[in-house]
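**Student:** Pasting work20.txt here (compact mmCIF, C-alpha atoms):
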```
# COMPACT_ATOMS: atom_id res chain seq x y z
CA MET U 30 62.88 91.05 169.25
CA SER U 31 62.93 90.33 172.98
CA VAL U 32 61.35 86.93 172.33
CA ALA U 33 63.94 86.21 169.64
CA LEU U 34 66.77 87.15 172.01
CA ARG U 35 65.41 84.76 174.66
CA THR U 36 65.08 81.91 172.17
CA PRO U 37 68.09 79.57 172.60
CA ALA U 38 70.05 78.92 169.41
CA ARG U 39 71.29 75.48 168.42
CA PRO U 40 75.05 74.91 168.07
CA GLY U 41 76.27 76.52 164.87
CA GLU U 42 73.18 78.67 164.44
CA PRO U 43 73.61 82.45 164.23
CA LEU U 44 72.07 84.62 166.89
CA LEU U 45 68.33 85.15 166.32
CA ALA U 46 68.38 82.39 163.68
CA ARG U 47 64.80 81.39 164.54
CA ALA U 48 63.41 84.90 164.72
CA PRO U 49 60.16 85.29 162.72
CA ARG U 50 61.28 88.27 160.61
CA ARG U 51 64.15 88.41 158.16
CA TRP U 52 65.45 91.76 159.43
CA GLN U 53 65.63 90.29 162.93
CA ARG U 54 67.70 87.37 161.66
CA MET U 55 70.06 89.75 159.87
CA ALA U 56 70.30 92.22 162.78
CA PRO U 57 73.21 90.47 164.61
CA PHE U 58 75.34 90.49 161.45
CA ALA U 59 74.53 94.16 160.86
CA VAL U 60 75.37 95.13 164.45
CA ALA U 61 78.64 93.20 164.35
CA ALA U 62 79.54 94.79 161.02
CA VAL U 63 78.83 98.28 162.41
CA PHE U 64 81.11 97.68 165.38
CA VAL U 65 83.86 96.36 163.10
CA VAL U 66 83.57 99.33 160.74
CA VAL U 67 83.68 101.79 163.64
CA LEU U 68 86.25 100.11 165.88
CA LEU U 69 88.75 99.14 163.19
CA PRO U 70 89.83 102.69 162.13
CA VAL U 71 89.47 103.98 165.69
CA THR U 72 91.73 101.24 167.03
CA ILE U 73 94.37 101.86 164.38
CA ALA U 74 94.23 105.63 164.92
CA VAL U 75 94.45 105.39 168.72
CA LEU U 76 97.31 102.89 168.67
CA THR U 77 99.22 104.96 166.14
CA ASN U 78 98.59 108.51 167.39
CA ASP U 79 98.12 108.08 171.16
CA TYR U 80 100.26 105.06 171.97
CA ARG U 81 102.75 105.76 169.17
CA LEU U 82 102.80 102.16 168.06
CA GLY U 83 104.15 101.36 164.60
CA GLY U 84 101.65 101.61 161.77
CA GLY U 85 102.11 97.99 160.72
CA TRP U 86 101.52 96.65 164.21
CA ALA U 87 98.61 99.02 164.74
CA GLY U 88 96.91 97.84 161.54
CA ALA U 89 97.49 94.17 162.33
CA LEU U 90 96.16 94.55 165.87
CA GLY U 91 93.17 96.55 164.68
CA VAL U 92 92.18 93.79 162.29
CA ALA U 93 92.86 90.98 164.76
CA GLN U 94 90.89 92.68 167.56
CA THR U 95 87.81 93.70 165.58
CA VAL U 96 87.20 91.38 162.60
CA PRO U 97 86.55 88.30 164.82
CA LEU U 98 83.42 90.10 166.05
CA LEU U 99 81.79 88.97 162.80
CA LEU U 100 82.57 85.37 163.73
CA ALA U 101 81.03 85.88 167.17
CA VAL U 102 77.54 85.85 165.65
CA THR U 103 77.86 82.13 164.86
CA ARG U 104 81.00 80.94 166.72
CA PRO U 105 81.41 83.10 169.84
CA VAL U 106 83.94 80.90 171.66
CA PRO U 107 86.51 80.77 168.81
CA ALA U 108 85.94 84.49 168.27
CA TRP U 109 86.60 85.15 171.96
CA ALA U 110 89.82 83.11 171.85
CA ALA U 111 91.04 85.06 168.81
CA VAL U 112 90.20 88.45 170.33
CA LEU U 113 91.76 87.59 173.69
CA ALA U 114 94.94 86.44 171.99
CA ALA U 115 95.05 89.64 169.92
CA ASP U 116 94.38 91.80 172.99
CA LEU U 117 97.12 89.98 174.90
CA LEU U 118 99.58 90.57 172.07
CA GLY U 119 98.52 94.20 171.94
CA ALA U 120 99.11 94.61 175.69
CA VAL U 121 102.61 93.18 175.32
CA LEU U 122 103.40 95.50 172.40
CA LEU U 123 101.91 98.55 174.11
CA ALA U 124 103.98 97.92 177.24
CA SER U 125 107.06 99.09 175.33
CA ALA U 126 105.35 101.74 173.19
CA ASP U 127 106.55 105.34 173.49
CA GLY U 128 103.14 106.84 174.33
CA VAL U 129 101.87 104.30 176.87
CA ALA U 130 102.58 106.51 179.89
CA GLY U 131 99.38 108.00 181.26
CA ARG U 132 97.26 105.85 178.93
CA PRO U 133 94.88 102.97 179.78
CA TRP U 134 96.69 99.64 179.86
CA PRO U 135 96.54 96.66 179.22
CA TRP U 136 93.09 97.19 177.69
CA PRO U 137 92.62 100.45 175.76
CA PRO U 138 89.04 101.81 175.61
CA MET U 139 88.31 100.54 172.07
CA GLU U 140 89.40 97.04 173.08
CA ILE U 141 87.04 97.15 176.06
CA VAL U 142 84.13 98.12 173.81
CA GLY U 143 84.84 95.29 171.37
CA TYR U 144 85.33 92.83 174.22
CA LEU U 145 81.96 93.74 175.74
CA VAL U 146 80.27 93.13 172.39
CA LEU U 147 81.93 89.74 172.36
CA MET U 148 80.72 89.06 175.92
CA ALA U 149 77.15 89.82 174.83
CA CYS U 150 77.40 87.26 172.02
CA LEU U 151 78.81 84.68 174.42
CA GLY U 152 76.15 85.31 177.05
CA LEU U 153 73.33 84.81 174.56
CA ARG U 154 74.74 81.53 173.23
CA GLU U 155 76.85 79.61 175.71
CA SER U 156 76.21 77.69 178.93
CA VAL U 157 76.81 79.10 182.39
CA ARG U 158 79.92 76.95 182.80
CA THR U 159 81.44 78.39 179.62
CA LEU U 160 80.58 81.94 180.67
CA VAL U 161 82.21 81.49 184.08
CA GLY U 162 85.31 80.04 182.41
CA VAL U 163 85.53 82.96 179.99
CA TRP U 164 85.12 85.48 182.80
CA LEU U 165 87.77 83.84 184.99
CA ALA U 166 90.18 83.49 182.06
CA THR U 167 89.76 87.21 181.31
CA GLY U 168 90.53 88.09 184.91
CA ALA U 169 93.50 85.71 185.07
CA VAL U 170 95.08 87.19 181.93
CA GLY U 171 94.61 90.68 183.36
CA VAL U 172 96.18 89.72 186.71
CA VAL U 173 99.21 88.18 184.98
CA LEU U 174 99.66 91.26 182.82
CA GLY U 175 99.42 93.42 185.93
CA PHE U 176 102.77 92.11 187.14
CA PHE U 177 104.41 93.57 184.02
CA ALA U 178 102.59 96.90 183.93
CA PRO U 179 104.69 99.85 182.75
CA GLY U 180 105.01 102.81 185.06
CA GLY U 181 102.50 105.63 184.96
CA VAL U 182 99.70 103.77 183.13
CA THR U 183 96.02 103.66 184.03
CA ASP U 184 95.20 100.07 185.01
CA THR U 185 92.06 98.79 183.24
CA VAL U 186 92.23 95.17 184.39
CA ALA U 187 89.53 95.57 187.04
CA LEU U 188 87.37 97.68 184.71
CA LEU U 189 87.20 95.02 181.99
CA PHE U 190 86.76 92.26 184.56
CA VAL U 191 83.77 93.98 186.19
CA LEU U 192 82.13 95.19 182.98
CA GLY U 193 82.65 91.81 181.33
CA GLY U 194 81.09 90.04 184.30
CA VAL U 195 78.09 92.37 184.25
CA MET U 196 77.58 91.86 180.51
CA LEU U 197 77.86 88.08 180.84
CA ALA U 198 75.45 88.07 183.77
CA LEU U 199 72.82 90.15 181.96
CA THR U 200 72.93 88.28 178.67
CA GLY U 201 73.30 84.91 180.42
CA ALA U 202 70.20 85.67 182.50
CA LEU U 203 68.32 86.53 179.31
CA ARG U 204 69.36 83.23 177.76
CA GLY U 205 68.48 81.39 180.99
CA LEU U 206 65.01 82.90 180.83
CA GLY U 207 64.64 81.61 177.30
CA ASP U 208 65.84 78.14 178.31
CA ALA U 209 63.36 78.06 181.19
CA GLN U 210 60.50 79.11 178.91
CA GLN U 211 61.47 76.43 176.41
CA ARG U 212 61.48 73.75 179.11
CA ILE U 213 58.07 74.93 180.33
CA ALA U 214 56.72 74.76 176.78
CA GLU U 215 58.11 71.22 176.39
CA GLN U 216 56.51 70.15 179.68
CA GLU U 217 53.20 71.67 178.62
CA SER U 218 53.41 69.78 175.33
CA ILE U 219 54.11 66.52 177.18
CA SER U 220 51.26 67.19 179.62
CA GLU U 221 48.89 67.92 176.74
CA ALA U 222 49.87 64.64 175.06
CA GLU U 223 49.31 62.77 178.34
CA ARG U 224 45.90 64.39 178.78
CA ALA U 225 44.93 63.42 175.23
CA ARG U 226 46.11 59.85 175.82
CA ARG U 227 44.23 59.63 179.13
CA THR U 228 41.07 60.96 177.48
CA LEU U 229 41.39 58.38 174.72
CA LEU U 230 41.83 55.54 177.22
CA GLU U 231 38.85 56.71 179.26
CA GLU U 232 36.71 56.84 176.13
CA ARG U 233 37.82 53.34 175.14
CA ALA U 234 36.99 52.05 178.62
CA ARG U 235 33.53 53.68 178.49
CA ILE U 236 32.82 52.14 175.08
CA ALA U 237 34.02 48.76 176.34
CA ARG U 238 31.71 48.91 179.37
CA GLU U 239 28.71 49.87 177.25
CA LEU U 240 29.49 47.19 174.68
CA HIS U 241 29.83 44.60 177.45
CA ASP U 242 26.47 45.59 178.95
CA VAL U 243 24.65 45.42 175.62
CA VAL U 244 26.18 42.19 174.35
CA ALA U 245 26.11 40.49 177.76
CA HIS U 246 22.38 41.24 178.05
CA HIS U 247 21.62 39.68 174.70
CA MET U 248 23.87 36.67 175.34
CA SER U 249 22.18 36.15 178.71
CA VAL U 250 18.78 36.16 176.99
CA ILE U 251 20.05 33.61 174.45
CA THR U 252 21.36 31.39 177.27
CA VAL U 253 18.10 31.52 179.21
CA GLN U 254 16.02 30.83 176.11
CA ALA U 255 18.24 27.95 175.02
CA ASP U 256 18.24 26.37 178.49
CA SER U 257 14.48 26.73 178.94
CA ALA U 258 13.51 25.59 175.45
CA PRO U 259 13.11 21.88 176.39
CA TYR U 260 10.72 22.88 179.20
CA ARG U 261 8.77 25.37 177.14
CA LEU U 262 8.49 23.05 174.13
CA PRO U 263 7.64 19.52 175.39
CA GLY U 264 8.10 16.54 173.12
CA MET U 265 11.34 17.87 171.67
CA GLU U 266 13.49 15.24 170.04
CA GLU U 267 16.91 14.47 171.49
CA PRO U 268 19.02 15.97 168.66
CA VAL U 269 17.06 19.19 169.04
CA ARG U 270 17.64 19.18 172.82
CA GLU U 271 21.36 18.69 172.20
CA GLU U 272 21.35 21.59 169.72
CA PHE U 273 19.74 23.94 172.27
CA ALA U 274 22.20 22.75 174.92
CA ALA U 275 25.12 23.54 172.56
CA ILE U 276 23.65 27.00 171.91
CA ALA U 277 23.39 27.66 175.66
CA ALA U 278 26.96 26.43 176.23
CA SER U 279 28.29 28.65 173.45
CA ALA U 280 26.41 31.64 174.85
CA ARG U 281 27.82 31.04 178.36
CA GLU U 282 31.33 30.72 176.92
CA SER U 283 30.86 33.97 175.01
CA LEU U 284 29.76 35.69 178.23
CA GLY U 285 32.95 34.55 179.96
CA GLU U 286 35.11 35.78 177.12
CA MET U 287 33.26 39.10 177.07
CA ARG U 288 33.91 39.60 180.79
```
As a first step, turn the structure in this file into structure tokens.
**Tutor:**
Amino acid sequence: MSVALRTPARPGEPLLARAPRRWQRMAPFAVAAVFVVVLLPVTIAVLTNDYRLGGGWAGALGVAQTVPLLLAVTRPVPAWAAVLAADLLGAVLLASADGVAGRPWPWPPMEIVGYLVLMACLGLRESVRTLVGVWLATGAVGVVLGFFAPGGVTDTVALLFVLGGVMLALTGALRGLGDAQQRIAEQESISEAERARRTLLEERARIARELHDVVAHHMSVITVQADSAPYRLPGMEEPVREEFAAIAASARESLGEMR
């Protein structure tokens, strides 16, 4: 599982899409579904009973803040945008709710839990630049909301900002480790191919040297025999002498081409 978590996913692939076991590939969907099933009724109940928000708004916010977690398995950035927009709308609605006094605002506890799950999905999928942008955007939205905070609330802007940064850093480091291991594996593959190519070239060069030595020796013998034939065989007719001279010339030309 740790290897599967460190394995970078291609764009559009679900988390752990290249894990070796089927249950590992299905695990992100199961975890996201569990969080949705748990957070959805809890969010609606807390917004309705504790913050005294209207049932319709509570239900709509509960769905908008939790269901996009299912999308985060394959499309974490759009899921983050949807959740942040829903959380922002929820903060605006809760600012005028009857039970907001003494409660966490602008991010209730269940929203923080869902947001951290979303940060984990982002950290395991996206680049460092995207993660930094998400983190800064989260902090900027919280700072802006801080200027409109109702009286007597517990400010959770810094809490979400710090916890979100920690989650992004941990999961981003895990993804970075996987990227580094993948680059090392690619370099090792390239090096292995280069070693195989170098070995092949060395073997070809060795065969060429041996072939040159063998053939050059025999061609040298042919040249010497053809050149010395008129002296070893006196009384040779002129056409025969010319034939031996042509053989010697061809042998010398072959030696030059061989070299």
**Student:** Which polymer residues, whether protein, DNA or RNA, lie within 12 Å of the coordinate (87.9, 84.5, 185.2) when you count only C-alpha atoms? List them as a list in words, using the chain letters and numbers from the file.
**Tutor:**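 Residues with an atom at most 12 Å from (87.9, 84.5, 185.2): Arg158, Thr159, Leu160, Val161, Gly162, Val163, Trp164, Leu165, Ala166, Thr167, Gly168, Ala169, Val170, Gly171, Val172, Val173, Val186, Ala187, Leu189, Phe190, Val191, Gly193, Gly194 and Leu197 of chain U.
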**Student:** Extract, using all atoms listed in the file, all DNA, RNA and protein residues at most 12 Å from range 105-111 of chain U, discarding same-chain residues fewer than 2 positions from it, and format them as JSON, numbers by chain.
**Tutor:** {"U": [40, 41, 42, 43, 44, 61, 90, 92, 93, 94, 95, 96, 97, 98, 99, 100, 101, 102, 103, 113, 114, 115, 116, 117, 118, 143, 144, 145, 146, 147, 148, 149, 150, 151, 152, 153, 154, 155, 156, 159, 160, 162, 163, 164, 166, 167]}
**Student:** What's the 7 Å shell around range 270-273 of chain U, counting only C-alpha atoms, without same-chain residues fewer than 6 positions away, as a list in words?
**Tutor:**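 Contacts, with the query itself left out: Ala255, Asp256 and Pro259 of chain U.
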**Student:** For range 111-119 of chain U, what centre and edge lengths in Å (one decimal) does the axis-aligned box get once 4 Å is added on each side of all its listed atoms, as lines of an AutoDock Vina configuration file?
**Tutor:**
```
center_x = 94.9
center_y = 89.6
center_z = 171.9
size_x = 17.4
size_y = 17.1
size_z = 14.1
```
**Student:** Looking at all atoms listed in the file, which of U:Ala222, U:Val112, U:Leu203, U:Ala87 is the one that sits closest to Val71 in chain U?
**Tutor:**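 Among the listed residues, U:Ala87 lies closest to Val71 in chain U.
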**Student:** Excluding Arg288 in chain U and any residue of its chain fewer than 6 positions from it, enumerate the residues within 12 Å of it, using all atoms listed in the file, and give them as a list in words.
**Tutor:** Ala237, Arg238, Leu240, His241, Asp242, Val244, Ala245, His246, Met248, Arg281 and Glu282 of chain U
**Student:** Give the answer as one residue: which of U:Gly84, U:Gly181, U:Pro57, U:Gly264 has the shortest atom-to-atom distance to Pro70 in chain U, using all atoms listed in the file?
**Tutor:**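 Using all atoms listed in the file, the shortest distance to Pro70 in chain U belongs to U:Gly84.
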**Student:** What separation in Å, quoted to one decimal, exists between CA of Leu192 in chain U and CA of Gly91 in chain U?
**Tutor:**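 Result for CA of Leu192 in chain U versus CA of Gly91 in chain U: 21.4 Å, one decimal.
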**Student:** Of the residues U:Gly88, U:Pro49, U:Gly131, U:Gly83, which is the one nearest to Val182 in chain U, using all atoms listed in the file?
**Tutor:** U:Gly131
**Student:** Measure the distance from CA of Ser220 in chain U to CA of Ala234 in chain U in Å and round it to one decimal.
**Tutor:**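 Computing the Euclidean distance for CA of Ser220 in chain U and CA of Ala234 in chain U yields 20.8 Å.
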**Student:** So what do you get for CA of Ala126 in chain U versus CA of Ala178 in chain U, distance-wise?
**Tutor:** 12.1 Å
